[in-house]
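A.B. asks: Have a look at this one.
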Number of protein chains: 2
Amino acid sequence: MIGEGIDGLLGLTCSLFLTPSSGVVTTDGAYPTFDFHVLAHGGKVHAVPMRAFREDVPRLLEAAKATGAPLIYVSNPNSPMGTWWSASEIEEFVAALPSETLLILDEAYCDTAPAGTRPPVDVSNPQVVRYRTFSKAYGLAGARIGYAIGERSTIEAFDKVRNHYGINRVGQVGAREALLDQEYLKNAVARIAASRTRIAAIAKANGLSPLPSAASFVAVDCGGDGAFAARVLQGLLDRDVFVRKPSAKGLDHFIRISCGRDEDLDVLAEALVDVLARVHA
Amino acid sequence: MIGEGIDGLLGLTCSLFLTPSSGVVTTDGAYPTFDFHVLAHGGKVHAVPMRAFREDVPRLLEAAKATGAPLIYVSNPNSPMGTWWSASEIEEFVAALPSETLLILDEAYCDTAPAGTRPPVDVSNPQVVRYRTFSKAYGLAGARIGYAIGERSTIEAFDKVRNHYGINRVGQVGAREALLDQEYLKNAVARIAASRTRIAAIAKANGLSPLPSAASFVAVDCGGDGAFAARVLQGLLDRDVFVRKPSAKGLDHFIRISCGRDEDLDVLAEALVDVLARVHA
């Protein structure tokens with residue numbers, strides 16, 4: 001099923017599976033737009049904290065069992081931390097799902113993850129829907145094309161609630177051509193990996209601690225508290241370097257730096273030295 | 001508020017204003033996608049028949065009063081018949097709305113209507129939301145850009161339920177440029193008007209009865225019953241002439257022929273003679 005980005009598909013998933021007051025299990029600090037859709041559909045968000053900056057898969061499972069949640073949301077790799085689980089860990093998780101629970105497996109960042117992160121596609125299991133997008137590694141965020149992969153009857157159910165005329169034509173053509181040009185994707189993924197390495201090096205050179213990342217960004221521990229990270233973020237924004245940060249407790253001392261071209265990272269490197277000098281002053 | 005076509009905005013309107021079992025008033029044979037959205041939101045459709053091939057504004061008003069409907073749907077000009085009400089008639093209708101009812105005024109086809117069809121824009125009235133699109137006279141259906149005009153707090157409410165990343169970038173740029181090029185629109189509208197005139201002439205030359213139309217199509221009475229019109233439609237489809245027809249009772253003896261280029265209408269003219277000869281044989 002294609003949709004107006006993964007966001008559109010997440011909203012439709014809530015339309016299909018939530019009734020008012022349904023509990024939904026997710027991670028504190030995970031994709032906020034998912035929570036927004038749950039709340040807009042009258043659902044209740046049960047958020048489990050991360051553990052070692054990863055989504056805490058065993059605890060998500062416990063929470064789903066305890067609440068009888070119709071939906072669990074897991075992103076692999078994760079945003080905003082860039083951490084990930086291996087394909088086999090995800091498969092064990094799927095095997096342990098309560099029978100009444102559907103796993104929303106958000107794989108927006110899967111194209112930039114190491115080999116062995118994505119489980120093989122298996123559309124025999126009606127309890128898993130996987131969400132992918134052309135907005136990240138494919139570089140087509142403006143096209144608004146995401147897609148969901150799942151068992152036939154689950155996927156067909158989207159037809160009951162979707163806007164049948166929601167997907168623009170230029171985006172469709174672009175997405176198809178992008179799929180056909182896997183050489184371009186391979187090259188883009190290699191450049192993203194190189195950019196991650198350089199962001200980590202820039203962070204370390206400034207005394208900050210980058211997390212290993214499988215996504216198209218790097219989460220960087222600023223070494224202080226949330227307020228300190230917010231000052232670093234603001235300093236970068238003031239220098240027209242657009243960086244984001246998580247706001248969830250336990251994650252808020254990080255900033256999240258997107259991959260970019262060499263010339264962009266030159267600007268980052270220069271700005272970061274300057275910002276840290278001022279923030280420490 | 002912009003949306004993924006009027007369709008997207010109609011769905012959001014249902015999210016905002018319907019609760020399960022809300023009654024909604026519309027016209028039998030009017031835009032079916034609106035009914036689809038109402039049903040998907042658990043609402044109940046109360047459909048009033050057309051009168052003289054126009055939406056029956058007095059009866060719609062009565063039905064809204066009788067059912068306490070939170071929403072009435074009116075299209076002006078109307079699809080599939082191409083008929084319309086004058087601006088002053090619409091203004092009288094608005095003035096008579098029950099206080100608990102919001103008017104969905106679908107103006108998808110307003111750009112091709114005669115002067116005096118569109119009431120002046122008045123965003124002081126929270127009971128009216130007007131829906132427009134770049135998919136008809138502007139010729140940008142593939143862009144999926146519609147918009148809603150209304151009182152500020154009503155329009156702001158869409159932000160609570162919409163996909164905030166739903167509108168593609170190429171479409172946005174195209175729609176803005178199209179708005180800036182009113183000369184192009186004027187020319188397109190003139191060509192549509194000429195095409196309507198020629199479709200009507202082709203219909204009459206074949207002994208069929210075209211309705212006057214303010215839209216970018218002409219509804220043509222095939223002179224028989226619904227089954228006869230369906231045979232005419234199928235004959236045209238078999239000759240690769242894509243024409244549609246209403247299926248509602250009282251309208252089903254019409255076919256709806258879209259405006260086209262001169263060379264398209266040459267094909268129509270030739271195919272129609274041939275189809276009618278066979279259908280009558």
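Chains: A, B, ... in order of the structure tokens. Residues: from 1 per chain. Ligands: from 1, in order shown.
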Just need the residues of chain A within 10 Å of chain B, counting only C-alpha atoms, so spit them out as a PDB file with C-alpha atoms, in the first residue's frame.
C.D. replies:
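Saved to iface-v2.pdb:
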ATOM      1  CA  GLY A   3       0.602   6.498   1.096  1.00  0.00           C
ATOM      2  CA  GLU A   4       1.470  10.161   1.565  1.00  0.00           C
ATOM      3  CA  GLY A   5       4.686   9.273   3.387  1.00  0.00           C
ATOM      4  CA  ILE A   6       4.881   6.900   6.337  1.00  0.00           C
ATOM      5  CA  ASP A   7       2.976   9.574   8.292  1.00  0.00           C
ATOM      6  CA  GLY A   8      -0.108   9.127   6.144  1.00  0.00           C
ATOM      7  CA  LEU A   9       0.071   5.355   6.522  1.00  0.00           C
ATOM      8  CA  LEU A  10       0.482   5.587  10.310  1.00  0.00           C
ATOM      9  CA  GLY A  11      -2.731   7.632  10.485  1.00  0.00           C
ATOM     10  CA  SER A  15      -8.077   4.335  11.690  1.00  0.00           C
ATOM     11  CA  THR A  33       3.947  11.979  14.849  1.00  0.00           C
ATOM     12  CA  PHE A  36      -0.151  12.426  17.478  1.00  0.00           C
ATOM     13  CA  HIS A  37      -2.075  10.036  15.213  1.00  0.00           C
ATOM     14  CA  LEU A  39      -4.275  10.655  20.178  1.00  0.00           C
ATOM     15  CA  ALA A  40      -6.223  12.013  17.178  1.00  0.00           C
ATOM     16  CA  HIS A  41      -7.935   8.606  16.955  1.00  0.00           C
ATOM     17  CA  LEU A 140      12.726  12.279  -2.182  1.00  0.00           C
ATOM     18  CA  ALA A 141      11.091  13.706   0.952  1.00  0.00           C
ATOM     19  CA  GLY A 142       9.217  16.317  -1.092  1.00  0.00           C
ATOM     20  CA  ALA A 143       7.533  13.576  -3.138  1.00  0.00           C
ATOM     21  CA  ARG A 144       5.549  12.294  -0.120  1.00  0.00           C
ATOM     22  CA  ILE A 145       5.706   8.621  -1.017  1.00  0.00           C
ATOM     23  CA  LYS A 160     -11.382   1.046   3.181  1.00  0.00           C
ATOM     24  CA  VAL A 161     -10.037   4.197   4.829  1.00  0.00           C
ATOM     25  CA  ARG A 162      -7.464   5.821   2.575  1.00  0.00           C
ATOM     26  CA  ASN A 163      -7.907   8.837   0.300  1.00  0.00           C
ATOM     27  CA  HIS A 164      -8.021   7.041  -3.041  1.00  0.00           C
ATOM     28  CA  TYR A 165      -6.732  10.140  -4.810  1.00  0.00           C
ATOM     29  CA  GLY A 166      -4.034  11.155  -2.341  1.00  0.00           C
ATOM     30  CA  ILE A 167      -0.782  10.289  -4.085  1.00  0.00           C
ATOM     31  CA  ASN A 168       0.630  12.774  -6.550  1.00  0.00           C
ATOM     32  CA  ARG A 169       1.714  11.689 -10.002  1.00  0.00           C
ATOM     33  CA  VAL A 170       5.193  13.234 -10.173  1.00  0.00           C
ATOM     34  CA  GLY A 171       6.039  11.559  -6.869  1.00  0.00           C
ATOM     35  CA  GLN A 172       4.853   8.170  -8.129  1.00  0.00           C
TER      36      GLN A 172
END
A.B. asks: Please run DSSP on the backbone and report, as a compact mmCIF listing (two decimals) with all heavy atoms, in the first residue's frame, all residues within stretch 45-148 of chain B that come out as strand (DSSP E or B).
C.D. replies:
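Contents of part_14.txt, freshly written:
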# COMPACT_ATOMS: atom_id res chain seq x y z
N VAL B 45 -25.62 8.74 5.88
CA VAL B 45 -25.90 9.61 4.74
C VAL B 45 -27.41 9.75 4.54
O VAL B 45 -28.10 8.73 4.38
CB VAL B 45 -25.25 9.04 3.46
CG1 VAL B 45 -25.66 9.87 2.24
CG2 VAL B 45 -23.74 9.00 3.61
N HIS B 46 -27.92 10.99 4.58
CA HIS B 46 -29.30 11.26 4.18
C HIS B 46 -29.24 11.93 2.81
O HIS B 46 -28.82 13.08 2.71
CB HIS B 46 -29.98 12.22 5.15
CG HIS B 46 -30.14 11.65 6.53
ND1 HIS B 46 -31.12 10.74 6.86
CD2 HIS B 46 -29.42 11.85 7.66
CE1 HIS B 46 -31.00 10.40 8.14
NE2 HIS B 46 -29.97 11.05 8.64
N ALA B 47 -29.64 11.21 1.76
CA ALA B 47 -29.52 11.76 0.40
C ALA B 47 -30.89 12.21 -0.10
O ALA B 47 -31.86 11.46 -0.05
CB ALA B 47 -28.91 10.73 -0.53
N VAL B 48 -30.94 13.44 -0.58
CA VAL B 48 -32.16 14.05 -1.11
C VAL B 48 -32.07 13.96 -2.64
O VAL B 48 -30.99 14.19 -3.19
CB VAL B 48 -32.21 15.53 -0.63
CG1 VAL B 48 -33.23 16.34 -1.39
CG2 VAL B 48 -32.42 15.57 0.89
N ARG B 51 -33.73 17.95 -8.17
CA ARG B 51 -34.99 18.46 -8.71
C ARG B 51 -34.59 19.22 -9.98
O ARG B 51 -33.79 20.15 -9.91
CB ARG B 51 -35.59 19.41 -7.68
CG ARG B 51 -36.94 19.95 -8.03
CD ARG B 51 -37.28 21.05 -7.02
NE ARG B 51 -38.61 21.57 -7.26
CZ ARG B 51 -39.73 21.10 -6.70
NH1 ARG B 51 -39.66 20.11 -5.83
NH2 ARG B 51 -40.90 21.63 -7.00
N ARG B 54 -30.90 19.65 -10.64
CA ARG B 54 -30.09 20.49 -9.76
C ARG B 54 -30.19 19.95 -8.35
O ARG B 54 -31.20 19.35 -7.96
CB ARG B 54 -30.60 21.94 -9.76
CG ARG B 54 -30.39 22.63 -11.06
CD ARG B 54 -30.24 24.12 -10.85
NE ARG B 54 -31.47 24.74 -10.38
CZ ARG B 54 -31.60 26.06 -10.23
NH1 ARG B 54 -30.57 26.87 -10.48
NH2 ARG B 54 -32.73 26.57 -9.82
N LEU B 71 -23.48 18.39 9.13
CA LEU B 71 -22.90 18.74 7.82
C LEU B 71 -23.94 18.63 6.70
O LEU B 71 -24.71 17.67 6.67
CB LEU B 71 -21.75 17.77 7.46
CG LEU B 71 -20.50 17.75 8.36
CD1 LEU B 71 -19.56 16.62 7.92
CD2 LEU B 71 -19.77 19.09 8.31
N ILE B 72 -23.95 19.63 5.81
CA ILE B 72 -24.67 19.51 4.52
C ILE B 72 -23.62 19.66 3.43
O ILE B 72 -22.80 20.58 3.48
CB ILE B 72 -25.68 20.64 4.23
CG1 ILE B 72 -26.67 20.85 5.34
CG2 ILE B 72 -26.40 20.37 2.91
CD1 ILE B 72 -27.79 21.84 4.92
N TYR B 73 -23.71 18.81 2.43
CA TYR B 73 -22.81 18.89 1.28
C TYR B 73 -23.58 19.46 0.09
O TYR B 73 -24.64 18.94 -0.28
CB TYR B 73 -22.28 17.50 0.94
CG TYR B 73 -21.48 17.47 -0.34
CD1 TYR B 73 -20.11 17.70 -0.31
CD2 TYR B 73 -22.09 17.24 -1.58
CE1 TYR B 73 -19.36 17.68 -1.49
CE2 TYR B 73 -21.35 17.21 -2.75
CZ TYR B 73 -19.99 17.44 -2.70
OH TYR B 73 -19.25 17.44 -3.85
N VAL B 74 -23.05 20.53 -0.49
CA VAL B 74 -23.61 21.09 -1.73
C VAL B 74 -22.45 21.37 -2.68
O VAL B 74 -21.44 21.94 -2.26
CB VAL B 74 -24.38 22.41 -1.47
CG1 VAL B 74 -24.77 23.10 -2.78
CG2 VAL B 74 -25.64 22.15 -0.64
N SER B 75 -22.58 20.97 -3.94
CA SER B 75 -21.56 21.32 -4.93
C SER B 75 -22.16 22.34 -5.89
O SER B 75 -23.30 22.20 -6.31
CB SER B 75 -21.04 20.09 -5.67
OG SER B 75 -22.10 19.38 -6.27
N LEU B 102 -22.91 22.85 9.45
CA LEU B 102 -21.85 23.43 8.63
C LEU B 102 -22.11 23.08 7.18
O LEU B 102 -22.38 21.92 6.85
CB LEU B 102 -20.49 22.85 9.05
CG LEU B 102 -19.29 23.37 8.25
CD1 LEU B 102 -18.76 24.66 8.85
CD2 LEU B 102 -18.18 22.33 8.18
N LEU B 103 -22.02 24.07 6.31
CA LEU B 103 -22.15 23.83 4.87
C LEU B 103 -20.79 23.53 4.26
O LEU B 103 -19.87 24.35 4.34
CB LEU B 103 -22.77 25.05 4.18
CG LEU B 103 -22.76 25.00 2.64
CD1 LEU B 103 -23.60 23.83 2.09
CD2 LEU B 103 -23.24 26.33 2.05
N ILE B 104 -20.69 22.34 3.67
CA ILE B 104 -19.54 22.00 2.83
C ILE B 104 -19.90 22.45 1.43
O ILE B 104 -20.74 21.82 0.78
CB ILE B 104 -19.30 20.47 2.85
CG1 ILE B 104 -18.88 20.03 4.26
CG2 ILE B 104 -18.27 20.07 1.80
CD1 ILE B 104 -18.68 18.52 4.38
N LEU B 105 -19.33 23.55 0.98
CA LEU B 105 -19.63 24.08 -0.35
C LEU B 105 -18.50 23.70 -1.30
O LEU B 105 -17.42 24.30 -1.27
CB LEU B 105 -19.82 25.60 -0.27
CG LEU B 105 -20.22 26.30 -1.57
CD1 LEU B 105 -21.50 25.74 -2.17
CD2 LEU B 105 -20.37 27.82 -1.33
N ASP B 106 -18.74 22.66 -2.07
CA ASP B 106 -17.72 22.11 -2.96
C ASP B 106 -17.73 22.92 -4.25
O ASP B 106 -18.65 22.80 -5.05
CB ASP B 106 -18.03 20.63 -3.20
CG ASP B 106 -16.97 19.94 -4.07
OD1 ASP B 106 -16.19 20.63 -4.75
OD2 ASP B 106 -16.96 18.69 -4.09
N VAL B 128 -19.68 28.01 7.06
CA VAL B 128 -19.44 27.68 5.66
C VAL B 128 -17.96 27.40 5.45
O VAL B 128 -17.11 28.21 5.84
CB VAL B 128 -19.85 28.84 4.72
CG1 VAL B 128 -19.64 28.44 3.25
CG2 VAL B 128 -21.29 29.26 4.98
N VAL B 129 -17.64 26.25 4.86
CA VAL B 129 -16.29 26.01 4.37
C VAL B 129 -16.40 25.73 2.88
O VAL B 129 -17.26 24.95 2.45
CB VAL B 129 -15.59 24.84 5.11
CG1 VAL B 129 -14.18 24.63 4.56
CG2 VAL B 129 -15.50 25.13 6.62
N ARG B 130 -15.57 26.43 2.11
CA ARG B 130 -15.61 26.29 0.65
C ARG B 130 -14.37 25.53 0.19
O ARG B 130 -13.28 25.76 0.67
CB ARG B 130 -15.68 27.68 0.02
CG ARG B 130 -16.99 28.35 0.42
CD ARG B 130 -16.98 29.83 0.16
NE ARG B 130 -17.13 30.11 -1.27
CZ ARG B 130 -17.41 31.33 -1.73
NH1 ARG B 130 -17.56 32.35 -0.89
NH2 ARG B 130 -17.53 31.53 -3.03
N TYR B 131 -14.59 24.61 -0.74
CA TYR B 131 -13.54 23.69 -1.18
C TYR B 131 -13.21 23.96 -2.64
O TYR B 131 -14.11 23.95 -3.49
CB TYR B 131 -14.01 22.23 -0.99
CG TYR B 131 -14.29 21.92 0.46
CD1 TYR B 131 -15.43 22.44 1.08
CD2 TYR B 131 -13.40 21.19 1.23
CE1 TYR B 131 -15.67 22.21 2.43
CE2 TYR B 131 -13.65 20.95 2.58
CZ TYR B 131 -14.78 21.48 3.17
OH TYR B 131 -15.02 21.26 4.50
N ARG B 132 -11.94 24.19 -2.92
CA ARG B 132 -11.51 24.47 -4.29
C ARG B 132 -10.34 23.55 -4.64
O ARG B 132 -9.75 22.92 -3.77
CB ARG B 132 -11.07 25.94 -4.40
CG ARG B 132 -12.18 26.89 -3.93
CD ARG B 132 -12.54 27.87 -4.98
NE ARG B 132 -13.61 28.74 -4.50
CZ ARG B 132 -13.54 30.07 -4.43
NH1 ARG B 132 -12.42 30.70 -4.79
NH2 ARG B 132 -14.57 30.78 -4.03
N THR B 133 -9.98 23.53 -5.90
CA THR B 133 -8.97 22.56 -6.33
C THR B 133 -8.20 23.07 -7.54
O THR B 133 -8.70 23.90 -8.30
CB THR B 133 -9.65 21.21 -6.67
OG1 THR B 133 -8.64 20.27 -7.00
CG2 THR B 133 -10.64 21.33 -7.82
N GLY B 146 -5.73 20.61 -3.19
CA GLY B 146 -7.01 21.29 -3.00
C GLY B 146 -6.86 22.25 -1.85
O GLY B 146 -5.84 22.24 -1.14
N TYR B 147 -7.86 23.10 -1.65
CA TYR B 147 -7.79 23.98 -0.48
C TYR B 147 -9.18 24.29 0.03
O TYR B 147 -10.16 24.19 -0.71
CB TYR B 147 -6.98 25.25 -0.74
CG TYR B 147 -7.45 26.13 -1.88
CD1 TYR B 147 -8.13 27.32 -1.63
CD2 TYR B 147 -7.20 25.78 -3.20
CE1 TYR B 147 -8.54 28.15 -2.67
CE2 TYR B 147 -7.62 26.59 -4.24
CZ TYR B 147 -8.29 27.77 -3.97
OH TYR B 147 -8.71 28.56 -5.01
N ALA B 148 -9.24 24.64 1.30
CA ALA B 148 -10.50 24.97 1.95
C ALA B 148 -10.40 26.41 2.45
O ALA B 148 -9.36 26.82 2.97
CB ALA B 148 -10.78 24.03 3.11
A.B. asks: Rank nothing, just name the residue among A:Ala108, A:Ala63, A:Val189, A:Val173 nearest to A:Gly82, using only C-alpha atoms.
C.D. replies: A:Ala108
A.B. asks: Going by DSSP on the backbone, which bits of stretch 15-195 of chain B are alpha helix (DSSP H)? Write them as number ranges by chain, please.
C.D. replies: B: 15-17, 32-40, 57-67, 87-95, 152-161, 169-180, 182-195
A.B. asks: For C-alpha atoms, I'd like the residues from the last selection saved as a compact mmCIF listing (two decimals), in the first residue's frame.
C.D. replies:
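Contents of the output file selection-v4.txt:
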# COMPACT_ATOMS: atom_id res chain seq x y z
CA SER B 15 -12.95 13.75 11.28
CA LEU B 16 -13.59 17.20 12.71
CA PHE B 17 -17.38 17.34 12.67
CA PRO B 32 -19.81 9.60 -4.06
CA THR B 33 -16.40 10.05 -2.41
CA PHE B 34 -18.01 12.36 0.13
CA ASP B 35 -20.46 9.58 1.13
CA PHE B 36 -17.53 7.20 1.38
CA HIS B 37 -15.79 9.52 3.87
CA VAL B 38 -19.01 9.93 5.89
CA LEU B 39 -19.46 6.15 6.14
CA ALA B 40 -15.78 5.61 7.01
CA VAL B 57 -31.41 23.40 -2.00
CA PRO B 58 -34.73 23.93 -0.19
CA ARG B 59 -35.12 20.21 0.47
CA LEU B 60 -31.51 19.88 1.61
CA LEU B 61 -32.23 22.59 4.16
CA GLU B 62 -35.41 20.82 5.33
CA ALA B 63 -33.51 17.54 5.68
CA ALA B 64 -30.77 19.22 7.70
CA LYS B 65 -33.35 20.74 10.03
CA ALA B 66 -35.22 17.46 10.38
CA THR B 67 -32.11 15.41 11.16
CA ALA B 87 -24.32 33.35 -5.97
CA SER B 88 -27.37 35.08 -4.49
CA GLU B 89 -29.28 31.78 -4.23
CA ILE B 90 -26.30 30.26 -2.40
CA GLU B 91 -26.17 33.29 -0.09
CA GLU B 92 -29.86 32.88 0.77
CA PHE B 93 -29.24 29.22 1.48
CA VAL B 94 -26.33 30.08 3.79
CA ALA B 95 -28.48 32.59 5.64
CA ARG B 152 -10.10 31.17 10.99
CA SER B 153 -10.92 28.87 13.93
CA THR B 154 -12.61 26.31 11.65
CA ILE B 155 -9.64 26.30 9.31
CA GLU B 156 -7.16 26.08 12.19
CA ALA B 157 -8.99 23.00 13.47
CA PHE B 158 -7.78 21.07 10.41
CA ASP B 159 -4.29 21.25 11.93
CA LYS B 160 -5.49 18.94 14.71
CA VAL B 161 -6.27 16.07 12.36
CA ARG B 169 6.54 19.91 -2.97
CA VAL B 170 6.30 19.86 -6.79
CA GLY B 171 2.52 20.18 -6.48
CA GLN B 172 2.83 23.16 -4.13
CA VAL B 173 5.19 24.96 -6.48
CA GLY B 174 2.96 24.15 -9.46
CA ALA B 175 -0.18 25.38 -7.70
CA ARG B 176 1.47 28.66 -6.71
CA GLU B 177 2.70 29.26 -10.25
CA ALA B 178 -0.74 28.36 -11.64
CA LEU B 179 -2.37 30.92 -9.34
CA LEU B 180 0.05 33.56 -10.60
CA GLN B 182 -4.43 33.91 -14.45
CA GLU B 183 -4.05 34.57 -18.19
CA TYR B 184 -3.46 30.86 -18.72
CA LEU B 185 -6.53 30.03 -16.62
CA LYS B 186 -8.67 32.51 -18.56
CA ASN B 187 -7.59 30.92 -21.80
CA ALA B 188 -8.23 27.40 -20.46
CA VAL B 189 -11.70 28.43 -19.26
CA ALA B 190 -12.50 29.87 -22.70
CA ARG B 191 -11.38 26.65 -24.36
CA ILE B 192 -13.50 24.62 -21.91
CA ALA B 193 -16.52 26.80 -22.72
CA ALA B 194 -15.96 26.27 -26.45
CA SER B 195 -15.61 22.54 -25.85
A.B. asks: Using only C-alpha atoms, which residue out of B:Pro212, B:Pro126, B:Pro80, B:Gly226 lies closest to B:Val243?
C.D. replies: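 Among B:Pro212, B:Pro126, B:Pro80, B:Gly226, it is B:Pro80 that comes nearest to B:Val243.
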A.B. asks: Compare A:Glu151, A:Glu55, A:Glu100, A:Asp274 by their minimum atom-to-atom distance to A:Val121, counting only C-alpha atoms, and give me the closest one.
C.D. replies: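 Of A:Glu151, A:Glu55, A:Glu100, A:Asp274, the one nearest A:Val121, counting only C-alpha atoms, is A:Glu151.
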A.B. asks: Would you work out the distance separating atom CA of A:Ser79 from atom CA of A:Arg198, expressed in Å to one decimal?
C.D. replies: 19.3 Å
A.B. asks: So that I can see what lies close to B:Val241, please list as a PyMOL selection string the residues with an atom at most 12 Å from it, counting only C-alpha atoms and leaving out residues fewer than 5 positions away in the same chain.
C.D. replies: chain B and resi 232-236+256-258+260+264-272+275
A.B. asks: Now that the selection is made, can you save its residues with C-alpha atoms as a PDB file, in the first residue's frame?
C.D. replies:
ATOM      1  CA  VAL B 232     -24.158   4.024 -25.211  1.00  0.00           C
ATOM      2  CA  LEU B 233     -21.474   4.402 -22.522  1.00  0.00           C
ATOM      3  CA  GLN B 234     -20.137   0.896 -23.128  1.00  0.00           C
ATOM      4  CA  GLY B 235     -20.076   1.453 -26.880  1.00  0.00           C
ATOM      5  CA  LEU B 236     -17.982   4.596 -26.381  1.00  0.00           C
ATOM      6  CA  ARG B 256     -21.265  12.682 -18.711  1.00  0.00           C
ATOM      7  CA  ILE B 257     -18.830  13.771 -21.405  1.00  0.00           C
ATOM      8  CA  SER B 258     -15.682  15.645 -20.342  1.00  0.00           C
ATOM      9  CA  GLY B 260     -11.435  18.000 -24.473  1.00  0.00           C
ATOM     10  CA  ASP B 264     -10.564  14.578 -28.972  1.00  0.00           C
ATOM     11  CA  LEU B 265     -14.042  15.822 -29.837  1.00  0.00           C
ATOM     12  CA  ASP B 266     -13.508  14.774 -33.476  1.00  0.00           C
ATOM     13  CA  VAL B 267     -13.038  11.231 -32.146  1.00  0.00           C
ATOM     14  CA  LEU B 268     -16.140  11.581 -29.952  1.00  0.00           C
ATOM     15  CA  ALA B 269     -18.250  12.852 -32.858  1.00  0.00           C
ATOM     16  CA  GLU B 270     -17.274   9.939 -35.057  1.00  0.00           C
ATOM     17  CA  ALA B 271     -17.608   7.311 -32.322  1.00  0.00           C
ATOM     18  CA  LEU B 272     -21.030   8.573 -31.169  1.00  0.00           C
ATOM     19  CA  VAL B 275     -22.302   3.697 -31.328  1.00  0.00           C
TER      20      VAL B 275
END
A.B. asks: In Å, rounded to a single decimal, give me how far atom CA of A:Ala203 is from atom CA of A:Phe228.
C.D. replies: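 Interatomic distance here is 15.2 Å.
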A.B. asks: How many Å separate atom CA of B:Pro119 from atom CA of B:Ala248?
C.D. replies: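 Separation between atom CA of B:Pro119 and atom CA of B:Ala248: 28.5 Å.
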A.B. asks: Write out as an MDAnalysis selection string which residues come within 12 Å of B:Cys222 when counting only C-alpha atoms, dropping same-chain ones fewer than 3 positions away.
C.D. replies: chainID B and resid 203:204 206:211 219 225:233 245 251:257 272 275:276 279:280
